[in-house]
Amino acid sequence: MTSRFEWATMDSVDPRRLADFWCGVLGYVVYDDKNGAVVEIGPDPESPDGQRLAALRGGPAVPNMVFVRVPEAKAGAKNRVHFEICPIDCDQQTELERLLALGASKTDVGQGDGRSWVVLADPEGNEFCLTRSLAPGEFE
């Protein structure tokens with residue numbers, strides 16, 4: 001018997017803004033918005049619910065994300081948990097430019113120069129890394 005990674009929950013002072021940012025990053029859609037207090041996003045369900053549920057039960061699944069309103073902004077330095085994302089249809093630099101245009105910012109968590117990844121922060125300061133590209137011809 002095993003479990004599956006259902007969703008990641010993030011505290012946020014503006015859940016809808018953060019949900020919109022991550023929808024743009026991952027190509028997700030909003031599943032549920034409880035008046036901006038709780039917003040759930042996930043992959044665009046291209047198949048009917050019954051087929052999608054059967055597929056989810058049959059193997060590993062991409063987790064949804066839920067953003068929950070809290071009164072305080074992120075406190076402290078580096079996150080204890082962060083996401084690693086990789087482009088699948090362009091090179092790393094092109095994806096970096098796209099993410100910056102969506103509202104990400106470069107940040108320094110002590111990673112130093114010359115790394116193969118780029119450390120970024122979402123609009124509320126939550127760090128995530130942009131790794132190598134998996135686009136055809138970009139990664140062997």
# chains A, B, ... in the order shown; residues from 1 in each chain; ligands from 1

call {"tool": "residues_around", "arguments": {"residues": "Leu130 (chain A)", "least_positions_apart": "3", "cutoff": "10 Å", "atoms": "only C-alpha atoms", "output": "MDAnalysis selection string"}}
result
chainID A and resid 83:87 92:93 95:96 99 116:120 133

call {"tool": "select_by_dssp", "arguments": {"residues": "chain A", "states": "strand (DSSP E)", "output": "PyMOL selection string"}}
result
chain A and resi 7-12+29-33+38-42+64-69+83-85+105-106+118-121+127-130

call {"tool": "atom_distance", "arguments": {"atom1": "CA of Arg17 (chain A)", "atom2": "CA of Pro71 (chain A)"}}
result
14.8 Å

call {"tool": "residues_around", "arguments": {"residues": "Val66 (chain A)", "least_positions_apart": "6", "cutoff": "7 Å", "atoms": "only C-alpha atoms", "output": "MDAnalysis selection string"}}
result
chainID A and resid 7:10 38:41

call {"tool": "closest_residue", "arguments": {"among": "A:Glu6, A:Ala135, A:Ala37, A:Asp14", "to": "Asp89 (chain A)", "atoms": "only C-alpha atoms"}}
result
A:Ala135

call {"tool": "residues_around", "arguments": {"residues": "region 18-20 of chain A", "least_positions_apart": "4", "cutoff": "9 Å", "atoms": "only C-alpha atoms", "output": "list in words"}}
result
Ser12, Val13, Asp14, Gly24, Val25, Tyr28, Val29, Val30, Val39, Glu40, Ile41, Met65, Val66, Phe67, Asp122, Pro123 and Glu124 of chain A

call {"tool": "atom_distance", "arguments": {"atom1": "CA of Asn126 (chain A)", "atom2": "CA of Pro43 (chain A)"}}
result
20.9 Å

call {"tool": "select_by_dssp", "arguments": {"residues": "chain A", "states": "helix (DSSP H, G or I)", "output": "count of residues only"}}
result
33

call {"tool": "closest_residue", "arguments": {"among": "A:Cys90, A:Phe128, A:Gly36, A:Pro63", "to": "Ser105 (chain A)", "atoms": "only C-alpha atoms"}}
result
A:Phe128

call {"tool": "closest_residue", "arguments": {"among": "A:Val70, A:Ala75, A:Ile88, A:Val109", "to": "Glu127 (chain A)", "atoms": "only C-alpha atoms"}}
result
A:Val109

call {"tool": "atom_distance", "arguments": {"atom1": "CA of Ala104 (chain A)", "atom2": "CA of Phe21 (chain A)"}}
result
8.4 Å

call {"tool": "decode", "arguments": {"residues": "region 64-96 of chain A", "atoms": "N, CA and C atoms", "output": "mmCIF file, in the first residue's frame"}}
result
data_model
loop_
_atom_site.group_PDB
_atom_site.id
_atom_site.type_symbol
_atom_site.label_atom_id
_atom_site.label_comp_id
_atom_site.auth_asym_id
_atom_site.auth_seq_id
_atom_site.Cartn_x
_atom_site.Cartn_y
_atom_site.Cartn_z
ATOM 1 N N ASN A 64 -1.388 19.015 -7.167
ATOM 2 C CA ASN A 64 -2.018 20.326 -7.232
ATOM 3 C C ASN A 64 -1.306 21.234 -6.244
ATOM 4 N N MET A 65 -1.648 22.512 -6.277
ATOM 5 C CA MET A 65 -1.142 23.477 -5.311
ATOM 6 C C MET A 65 -2.339 24.203 -4.710
ATOM 7 N N VAL A 66 -2.284 24.465 -3.403
ATOM 8 C CA VAL A 66 -3.342 25.201 -2.712
ATOM 9 C C VAL A 66 -2.684 26.371 -1.992
ATOM 10 N N PHE A 67 -3.261 27.536 -2.159
ATOM 11 C CA PHE A 67 -2.761 28.753 -1.526
ATOM 12 C C PHE A 67 -3.794 29.205 -0.505
ATOM 13 N N VAL A 68 -3.353 29.398 0.734
ATOM 14 C CA VAL A 68 -4.244 29.724 1.847
ATOM 15 C C VAL A 68 -3.859 31.088 2.407
ATOM 16 N N ARG A 69 -4.854 31.957 2.560
ATOM 17 C CA ARG A 69 -4.596 33.303 3.087
ATOM 18 C C ARG A 69 -4.179 33.241 4.548
ATOM 19 N N VAL A 70 -3.088 33.946 4.849
ATOM 20 C CA VAL A 70 -2.626 34.166 6.219
ATOM 21 C C VAL A 70 -2.335 35.658 6.355
ATOM 22 N N PRO A 71 -2.369 36.215 7.558
ATOM 23 C CA PRO A 71 -2.189 37.659 7.716
ATOM 24 C C PRO A 71 -0.745 38.129 7.582
ATOM 25 N N GLU A 72 0.208 37.249 7.821
ATOM 26 C CA GLU A 72 1.603 37.681 7.830
ATOM 27 C C GLU A 72 2.338 37.263 6.549
ATOM 28 N N ALA A 73 3.315 38.087 6.149
ATOM 29 C CA ALA A 73 4.163 37.778 4.997
ATOM 30 C C ALA A 73 5.205 36.736 5.399
ATOM 31 N N LYS A 74 5.871 36.186 4.408
ATOM 32 C CA LYS A 74 6.943 35.221 4.667
ATOM 33 C C LYS A 74 7.965 35.847 5.608
ATOM 34 N N ALA A 75 8.396 35.088 6.590
ATOM 35 C CA ALA A 75 9.390 35.565 7.545
ATOM 36 C C ALA A 75 10.626 34.687 7.446
ATOM 37 N N GLY A 76 11.781 35.274 7.692
ATOM 38 C CA GLY A 76 13.008 34.487 7.678
ATOM 39 C C GLY A 76 13.657 34.451 6.313
ATOM 40 N N ALA A 77 14.723 33.729 6.278
ATOM 41 C CA ALA A 77 15.528 33.672 5.064
ATOM 42 C C ALA A 77 15.043 32.556 4.138
ATOM 43 N N LYS A 78 15.885 31.624 3.881
ATOM 44 C CA LYS A 78 15.644 30.561 2.919
ATOM 45 C C LYS A 78 14.508 29.634 3.353
ATOM 46 N N ASN A 79 13.695 29.198 2.350
ATOM 47 C CA ASN A 79 12.642 28.226 2.607
ATOM 48 C C ASN A 79 13.254 26.889 3.028
ATOM 49 N N ARG A 80 12.542 26.131 3.835
ATOM 50 C CA ARG A 80 12.969 24.777 4.180
ATOM 51 C C ARG A 80 12.629 23.811 3.048
ATOM 52 N N VAL A 81 11.585 24.096 2.300
ATOM 53 C CA VAL A 81 11.174 23.289 1.151
ATOM 54 C C VAL A 81 10.989 24.249 -0.011
ATOM 55 N N HIS A 82 11.454 23.853 -1.175
ATOM 56 C CA HIS A 82 11.197 24.670 -2.350
ATOM 57 C C HIS A 82 11.028 23.777 -3.572
ATOM 58 N N PHE A 83 10.513 24.351 -4.641
ATOM 59 C CA PHE A 83 10.260 23.615 -5.877
ATOM 60 C C PHE A 83 11.449 23.737 -6.812
ATOM 61 N N GLU A 84 11.679 22.692 -7.567
ATOM 62 C CA GLU A 84 12.655 22.692 -8.652
ATOM 63 C C GLU A 84 11.838 22.548 -9.934
ATOM 64 N N ILE A 85 11.968 23.496 -10.834
ATOM 65 C CA ILE A 85 11.229 23.398 -12.088
ATOM 66 C C ILE A 85 12.221 23.369 -13.240
ATOM 67 N N CYS A 86 11.812 22.749 -14.344
ATOM 68 C CA CYS A 86 12.690 22.700 -15.515
ATOM 69 C C CYS A 86 11.855 22.937 -16.765
ATOM 70 N N PRO A 87 12.405 23.696 -17.700
ATOM 71 C CA PRO A 87 11.688 23.922 -18.951
ATOM 72 C C PRO A 87 11.645 22.633 -19.768
ATOM 73 N N ILE A 88 10.539 22.430 -20.478
ATOM 74 C CA ILE A 88 10.407 21.225 -21.296
ATOM 75 C C ILE A 88 10.328 21.523 -22.790
ATOM 76 N N ASP A 89 10.197 22.807 -23.152
ATOM 77 C CA ASP A 89 10.063 23.117 -24.571
ATOM 78 C C ASP A 89 10.879 24.330 -25.014
ATOM 79 N N CYS A 90 11.852 24.747 -24.185
ATOM 80 C CA CYS A 90 12.733 25.855 -24.540
ATOM 81 C C CYS A 90 14.009 25.738 -23.721
ATOM 82 N N ASP A 91 14.972 26.583 -24.017
ATOM 83 C CA ASP A 91 16.212 26.545 -23.238
ATOM 84 C C ASP A 91 16.015 27.281 -21.910
ATOM 85 N N GLN A 92 16.976 27.116 -21.012
ATOM 86 C CA GLN A 92 16.866 27.681 -19.671
ATOM 87 C C GLN A 92 16.769 29.213 -19.705
ATOM 88 N N GLN A 93 17.547 29.868 -20.539
ATOM 89 C CA GLN A 93 17.541 31.329 -20.592
ATOM 90 C C GLN A 93 16.190 31.873 -21.055
ATOM 91 N N THR A 94 15.601 31.236 -22.063
ATOM 92 C CA THR A 94 14.287 31.662 -22.544
ATOM 93 C C THR A 94 13.244 31.507 -21.443
ATOM 94 N N GLU A 95 13.308 30.388 -20.706
ATOM 95 C CA GLU A 95 12.363 30.174 -19.612
ATOM 96 C C GLU A 95 12.597 31.173 -18.486
ATOM 97 N N LEU A 96 13.855 31.487 -18.204
ATOM 98 C CA LEU A 96 14.166 32.479 -17.175
ATOM 99 C C LEU A 96 13.525 33.815 -17.522
#
